[in-house]
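*Asks:* Got a structure for you, questions after.
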Amino acid sequence: MTRAGADDGRKEIDMTVSNDTYPKRHSLTRRDFLRLTAGAGALLAASDPRAGAVAERKPVDLELALRAQPEALALFPGAPTRVWRYTAKVIQGDPASVSALPDTYLGPILRLRRGSRVRITLDNGLTEDTNVHWHGLHVPERMDGHPRDVARPGGQYVYEFEVRDRAGTYWFHPHTHGRTGAQIYQGLTGLLLVGDDAERALDLPDGAQDVPLVLQDRTLGSDNQFAYIEAGMPMMQRMMGFLGDRILVNGRPDFVLPVATRAYRLRLLNASSARVYKLAWRDGTPLTVIATDGGLLARPVERPYVTLAPAERIELWADFSGRRVGETLALESLPFAGGMAMGGGMMGRGGMMNGMMGGRLPNGAAFPVLTVRVARQESESRRLPAQLATLAAADARAAVNANAPRRFGLTMGQMEWSINGRSFEMEAVARDEIVRLDTTEVWEFANDRARMMAMPHPLHVHGVQFRVLERSVARGGEDAWNTVRAGYVDEGYKDTLLLMPGERARVLLRFADYPGLFVFHCHNLEHGDMGMMRNYRVRA
Ligand code: C2O
Ligand code: CU
Ligand code: CU
């Protein structure tokens with residue numbers, strides 16, 4: 001099978017921080033690449049049902065080589081940190097489609113145009129299976145990174161799809177069953193930005209004023225290594241999900257963003273395993289939100305703070321034009337309740353369980369996220385558009401089951417999180433997990449079943465962008481809910497939805513274009529890995 005420089009990648013660890021997003025020793029010539037991928041396509045299509053190759057190879061607008069491999073990076077003073085990292089290279093198409101964030105373990109930023117056809121070949125330089133899920137994108141089942149579709153160590157997987165999604169902030173990460181949390185924790189995460197003509201016409205801040213901000217928490221173990229909860233960790237810690245005590249922005253601690261006195265587009269992704277952020281400017285300036293998971297809102301909305309659960313994205317319009325050079329402004333995470341509850345009673349901040357599970361920084365604790373420093377005077381001509389996009393109304397009457405939503409309870413079995421009492425099974429689909437192609441449905445998620453251990457669950461559905469119809473909370477959950485709910489932004493398209501203890505939500509989903517098997521799951525990564533995930537089938 002095809003091994004594009006995989007073997008040397010596994011033996012050696014690169015000790016340098018490279019700005020080249022695709023290390024030279026793995027680079028392929030275009031001819032090599034075409035030979036390899038054509039070979040992979042033919043072989044996989046002929047013999048392997050898990051193949052990501054397409055039988056018929058259409059020409060593409062953009063072709064990328066994406067590699068996952070171990071590296072060691074000097075991220076903190078002292079010893080280098082061993083990470084797993086994505087690197088990418090443009091084989092064909094716009095060279096600006098791949099750019100690197102500086103000094104980080106995070107993967108490159110991929111920029112895709114709506115309407116374009118892309119081919120991305122994953123090259124697995126790890127010693128275990130991996131794959132790529134394009135979080136938030138609407139792609140065919142075999143291109144979606146379902147846990148059954150993986151590249152073996154040293155092998156490849158060819159992803160090919162048309163970009164049908166709205167302009168917005170998406171991301172990519174591995175999705176191997178039971179190992180997603182660990183692989184993301186080691187560093188396998190990248191942003192994927194989709195652009196289109198309608199967005200371009202808005203003339204939003206771009207270039208240096210379009211700033212990606214990836215939020216993650218990590219715990220540094222001995223010798224600057226990322227410590228993760230593994231098989232031997234306390235069961236209670238797995239039940240909670242991983243919470244690190246260091247907040248990293250774009251992979252760096254104590255993040256400072258130098259800005260000019262003008263407007264910025266800040267694209268925030270919460271790529272943490274289990275941490276929920278309650279983001280606010282320290283000086284009380286409201287947050288101006290222009291986009292959520294699935295792209296631009298119809299018009300900007302203001303929030304006193306924004307609640308950002310794992311996998312959620314938010315885009316802010318941040319105007320620093322009224323500020324003085326030298327001024328600093330902190331973005332922080334405010335305290336909230338509902339980290340978890342045991343036996344019905346909420347454990348407050350610093351409560352015993354929280355203290356045990358979150359170490360020095362439990363979910364709901366307050367902490368600084370980053371500092372904006374006004375560094376330069378520059379004049380600004382941009383204005384925040386009053387209208388950003390045209391969104392169809394979220395009308396439940398469009399659904400085939402408007403009066404009888406499909407219900408999914410978030411449940412807990414024998415110290416195991418589940419959905420409707422079921423754990424993930426690789427290919428299994430229950431009768432109530434089958435939907436019809438080309439229909440619209442209402443789904444209801446209910447986080448009021450696991451009363452013995454209530455905690456937040458960010459629910460994510462693959463393959464669709466949905467609309468939030470309504471939310472409510474069970475009696476007794478109001479107080480905790482009230483500490484986060486003003487920060488929900490439900491006005492636009494979403495693919496991930498936070499459900500606090502006792503909360504229920506109804507969402508409207510449309511199953512267009514692609515039949516097949518997709519997953520939906522809790523995006524608390526340890527919950528997903530433990531089986532809080534199910535398939536749903538879109539039947540043609
Ligand atoms: Cu962000 Cu199933 O994934
Ligand atoms: Cu996803
Ligand atoms: Cu969960």
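Letters A, B, ... go to the chains of the structure tokens in the order shown; residues in each chain start at 1; ligands are counted from 1 in the same order.
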At a cut-off of 9 Å and counting only C-alpha atoms and all ligand atoms, what residues surround ligand 2? Please answer as number ranges by chain.
*Replies:* A: 133-137, 144-145, 171-173, 175, 311, 460-464, 495-496, 519-521, 523
*Asks:* Go ahead and save the residues from that selection, with N, CA, C and O atoms, as a CSV table (one decimal), in the first residue's frame.
*Replies:*
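The resulting file, selection18.csv, is reproduced below:
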chain,number,residue,atom,x,y,z
A,133,HIS,N,-12.1,14.2,10.6
A,133,HIS,CA,-13.5,14.7,10.5
A,133,HIS,C,-13.5,16.2,10.3
A,133,HIS,O,-12.8,16.9,11.0
A,134,TRP,N,-14.3,16.6,9.3
A,134,TRP,CA,-14.4,18.0,8.9
A,134,TRP,C,-15.5,18.6,9.7
A,134,TRP,O,-16.7,18.6,9.2
A,135,HIS,N,-15.3,19.0,10.9
A,135,HIS,CA,-16.4,19.4,11.9
A,135,HIS,C,-17.2,20.5,11.3
A,135,HIS,O,-16.7,21.6,11.2
A,136,GLY,N,-18.5,20.2,11.1
A,136,GLY,CA,-19.4,21.3,10.7
A,136,GLY,C,-19.7,21.2,9.2
A,136,GLY,O,-20.7,21.8,8.7
A,137,LEU,N,-18.9,20.5,8.4
A,137,LEU,CA,-19.1,20.5,7.0
A,137,LEU,C,-20.1,19.4,6.6
A,137,LEU,O,-20.3,18.4,7.3
A,144,ASP,N,-16.6,11.8,5.8
A,144,ASP,CA,-16.9,12.6,7.0
A,144,ASP,C,-16.1,12.2,8.2
A,144,ASP,O,-16.2,12.7,9.3
A,145,GLY,N,-15.2,11.2,8.1
A,145,GLY,CA,-14.4,10.7,9.2
A,145,GLY,C,-15.2,9.9,10.2
A,145,GLY,O,-15.0,10.1,11.4
A,171,TRP,N,-13.7,23.3,11.7
A,171,TRP,CA,-12.4,22.8,12.1
A,171,TRP,C,-12.3,21.3,11.8
A,171,TRP,O,-13.3,20.7,11.3
A,172,PHE,N,-11.1,20.8,11.9
A,172,PHE,CA,-10.9,19.4,11.6
A,172,PHE,C,-10.1,18.7,12.7
A,172,PHE,O,-9.2,19.3,13.3
A,173,HIS,N,-10.4,17.5,12.9
A,173,HIS,CA,-9.7,16.7,14.0
A,173,HIS,C,-10.0,15.2,13.8
A,173,HIS,O,-10.8,14.8,13.0
A,175,HIS,N,-11.2,11.3,14.5
A,175,HIS,CA,-12.5,10.8,15.0
A,175,HIS,C,-12.4,9.2,15.1
A,175,HIS,O,-13.3,8.5,14.6
A,311,ALA,N,-16.2,22.5,21.0
A,311,ALA,CA,-16.5,22.3,19.6
A,311,ALA,C,-17.3,23.5,19.0
A,311,ALA,O,-17.4,23.7,17.8
A,460,HIS,N,-23.4,17.2,19.5
A,460,HIS,CA,-23.0,17.6,18.2
A,460,HIS,C,-23.6,16.6,17.2
A,460,HIS,O,-23.5,15.4,17.4
A,461,VAL,N,-24.1,17.1,16.1
A,461,VAL,CA,-24.6,16.2,15.0
A,461,VAL,C,-23.8,16.4,13.8
A,461,VAL,O,-23.6,17.5,13.3
A,462,HIS,N,-23.3,15.3,13.3
A,462,HIS,CA,-22.5,15.3,12.0
A,462,HIS,C,-23.4,15.5,10.8
A,462,HIS,O,-24.6,15.1,10.8
A,463,GLY,N,-22.8,16.1,9.8
A,463,GLY,CA,-23.5,16.2,8.5
A,463,GLY,C,-24.5,17.3,8.3
A,463,GLY,O,-25.0,17.5,7.2
A,464,VAL,N,-24.9,18.0,9.4
A,464,VAL,CA,-25.9,19.0,9.2
A,464,VAL,C,-25.6,20.3,10.0
A,464,VAL,O,-24.7,20.2,10.9
A,495,ASP,N,-23.9,23.4,14.9
A,495,ASP,CA,-23.8,22.0,14.8
A,495,ASP,C,-23.5,21.4,16.1
A,495,ASP,O,-23.4,20.2,16.3
A,496,THR,N,-23.4,22.2,17.1
A,496,THR,CA,-23.1,21.8,18.5
A,496,THR,C,-23.9,22.6,19.4
A,496,THR,O,-24.0,23.8,19.2
A,519,VAL,N,-22.6,10.1,12.6
A,519,VAL,CA,-22.7,10.0,14.0
A,519,VAL,C,-23.2,11.3,14.6
A,519,VAL,O,-23.2,12.4,14.0
A,520,PHE,N,-23.8,11.2,15.8
A,520,PHE,CA,-24.1,12.3,16.6
A,520,PHE,C,-23.6,11.9,18.0
A,520,PHE,O,-23.6,10.8,18.4
A,521,HIS,N,-23.1,12.9,18.8
A,521,HIS,CA,-22.4,12.5,20.0
A,521,HIS,C,-22.2,13.7,20.9
A,521,HIS,O,-22.3,14.9,20.5
A,523,HIS,N,-19.8,16.1,22.6
A,523,HIS,CA,-18.4,16.6,22.2
A,523,HIS,C,-17.5,16.9,23.5
A,523,HIS,O,-16.5,17.5,23.3
*Asks:* Within 7 Å of ligand 3, which residues of chain A come that close, and what is the closest atom pair and distance in Å for each? Count only C-alpha atoms and all ligand atoms and give it as a Markdown table.
*Replies:*
| residue | atom | partner | partner_atom_place_in_ligand_line | distance |
| --- | --- | --- | --- | --- |
| A:Trp417 | CA | ligand 3 | 1 (Cu) | 7.0 |
| A:Pro456 | CA | ligand 3 | 1 (Cu) | 6.4 |
| A:His457 | CA | ligand 3 | 1 (Cu) | 3.8 |
| A:Pro458 | CA | ligand 3 | 1 (Cu) | 6.1 |
| A:Cys522 | CA | ligand 3 | 1 (Cu) | 4.6 |
| A:His523 | CA | ligand 3 | 1 (Cu) | 6.5 |
| A:Asn524 | CA | ligand 3 | 1 (Cu) | 5.0 |
| A:His527 | CA | ligand 3 | 1 (Cu) | 4.9 |
| A:Gly528 | CA | ligand 3 | 1 (Cu) | 7.0 |
| A:Met532 | CA | ligand 3 | 1 (Cu) | 6.7 |
*Asks:* What residues in stretch 190-324 of chain A get the DSSP label strand (DSSP E or B)? Please answer as an NGL selection string.
*Replies:* :A and (190-195 or 210-218 or 220 or 226 or 246-249 or 252-253 or 256-260 or 263-270 or 277-281 or 287-292 or 295-303 or 306-308 or 313-319)
*Asks:* Write out as a list in words each polymer residue whose atoms come within 8 Å of stretch 288-290 of chain A, counting only C-alpha atoms; drop sequence neighbours fewer than 5 positions from it.
*Replies:*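 Listing them by chain and then by number gives Leu296, Leu297, Arg299, Pro300, Val301, Glu302, Arg303, Ile314, Glu315, Leu316, Trp317, Ala318 and Leu388 of chain A.
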*Asks:* Quick one: everything within 10 Å of A:Asn482, counting only C-alpha atoms, minus sequence neighbours fewer than 3 positions away in the same chain. Send it as a PyMOL selection string.
*Replies:* chain A and resi 336-338+473+477-479+485-487
*Asks:* Take the residues that were just selected and, keeping C-alpha atoms, output them as a PDB file, in the first residue's frame.
*Replies:*
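The resulting selection29.pdb:
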ATOM      1  CA  PHE A 336     -20.743  29.867  36.409  1.00  0.00           C
ATOM      2  CA  ALA A 337     -22.527  27.082  38.210  1.00  0.00           C
ATOM      3  CA  GLY A 338     -23.317  23.679  36.853  1.00  0.00           C
ATOM      4  CA  VAL A 473     -34.873  23.600  31.985  1.00  0.00           C
ATOM      5  CA  GLY A 477     -31.951  23.428  37.270  1.00  0.00           C
ATOM      6  CA  GLU A 478     -32.906  27.099  36.898  1.00  0.00           C
ATOM      7  CA  ASP A 479     -30.206  28.585  39.085  1.00  0.00           C
ATOM      8  CA  ARG A 485     -28.071  31.090  29.355  1.00  0.00           C
ATOM      9  CA  ALA A 486     -27.700  34.786  28.511  1.00  0.00           C
ATOM     10  CA  GLY A 487     -24.547  33.727  26.676  1.00  0.00           C
TER      11      GLY A 487
END
*Asks:* By how many Å are atom CA of A:Met235 and atom CA of A:Thr483 apart?
*Replies:* 28.1 Å
*Asks:* What's around A:Met530 at 7 Å? Count only C-alpha atoms, leave out sequence neighbours fewer than 4 positions away in its own chain, and write the answer as a list in words.
*Replies:*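 Once the nearby chain positions are removed, what remains is Gly178, Glu416, Trp417 and Glu526 of chain A.
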*Asks:* For each of A:Asp129, A:Asp283, A:Glu63, A:Glu71, take the minimum atom-to-atom distance to A:Tyr105, counting only C-alpha atoms, then give the residue where this is smallest.
*Replies:*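 Using only C-alpha atoms, the shortest distance to A:Tyr105 belongs to A:Glu71.
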*Asks:* Ranking A:Val507, A:Ala396, A:Ala428, A:Val132 by minimum distance to ligand 1 and counting only C-alpha atoms and all ligand atoms, which one comes first?
*Replies:*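 Once distances to ligand 1 are computed over only C-alpha atoms and all ligand atoms, the minimum belongs to A:Val132.
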*Asks:* Can you tell me which residues surround stretch 157-167 of chain A at a distance of at most 8 Å, considering only C-alpha atoms, apart from same-chain residues fewer than 6 positions away, and format the answer as a VMD selection string?
*Replies:* chain A and resid 37 40 to 41 51 to 54 112 to 123 131 137 to 140 143 150 to 151 193 to 196 199 294 to 296
*Asks:* Just list the residues in stretch 207-322 of chain A DSSP gives alpha helix (DSSP H) on the backbone, as a ChimeraX atom specification.
*Replies:* /A:235-240
*Asks:* Return the single residue from A:Ala512, A:Ile91, A:Met240, A:Ala309 that is closest to ligand 1, with distances computed using only C-alpha atoms and all ligand atoms.
*Replies:*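 Going through A:Ala512, A:Ile91, A:Met240, A:Ala309 one by one, the smallest distance to ligand 1 is for A:Ala309.
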*Asks:* Might you pull out every residue within 8 Å of stretch 263-265 of chain A, with only C-alpha atoms counted and same-chain residues fewer than 6 positions away left off, and present them as a PDB file with C-alpha atoms, in the first residue's frame?
*Replies:*
ATOM      1  CA  LEU A 204     -15.475  42.260   6.926  1.00  0.00           C
ATOM      2  CA  PRO A 205     -12.061  42.769   8.547  1.00  0.00           C
ATOM      3  CA  ASP A 206      -9.542  40.543   6.792  1.00  0.00           C
ATOM      4  CA  GLN A 209      -7.623  41.856  11.248  1.00  0.00           C
ATOM      5  CA  ASP A 210      -9.144  38.397  10.777  1.00  0.00           C
ATOM      6  CA  VAL A 211      -7.835  36.570  13.833  1.00  0.00           C
ATOM      7  CA  GLU A 315     -17.172  35.107  15.548  1.00  0.00           C
ATOM      8  CA  LEU A 316     -16.948  38.508  17.174  1.00  0.00           C
ATOM      9  CA  TRP A 317     -16.768  41.978  15.698  1.00  0.00           C
ATOM     10  CA  ALA A 318     -14.339  43.741  18.041  1.00  0.00           C
ATOM     11  CA  ASP A 319     -13.822  47.425  17.393  1.00  0.00           C
ATOM     12  CA  PHE A 320     -10.768  48.901  19.117  1.00  0.00           C
ATOM     13  CA  SER A 321     -10.956  52.227  17.268  1.00  0.00           C
ATOM     14  CA  GLU A 380     -10.531  52.624  10.318  1.00  0.00           C
ATOM     15  CA  ARG A 382     -14.996  49.731   8.137  1.00  0.00           C
TER      16      ARG A 382
END
*Asks:* Let me make sure I understand: among A:Leu191, A:Leu106, A:Ala65, A:Leu499, which one has the smallest atom-to-atom distance to ligand 1 if we use only C-alpha atoms and all ligand atoms?
*Replies:*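 Among the listed residues, the smallest separation from ligand 1 belongs to A:Leu191.
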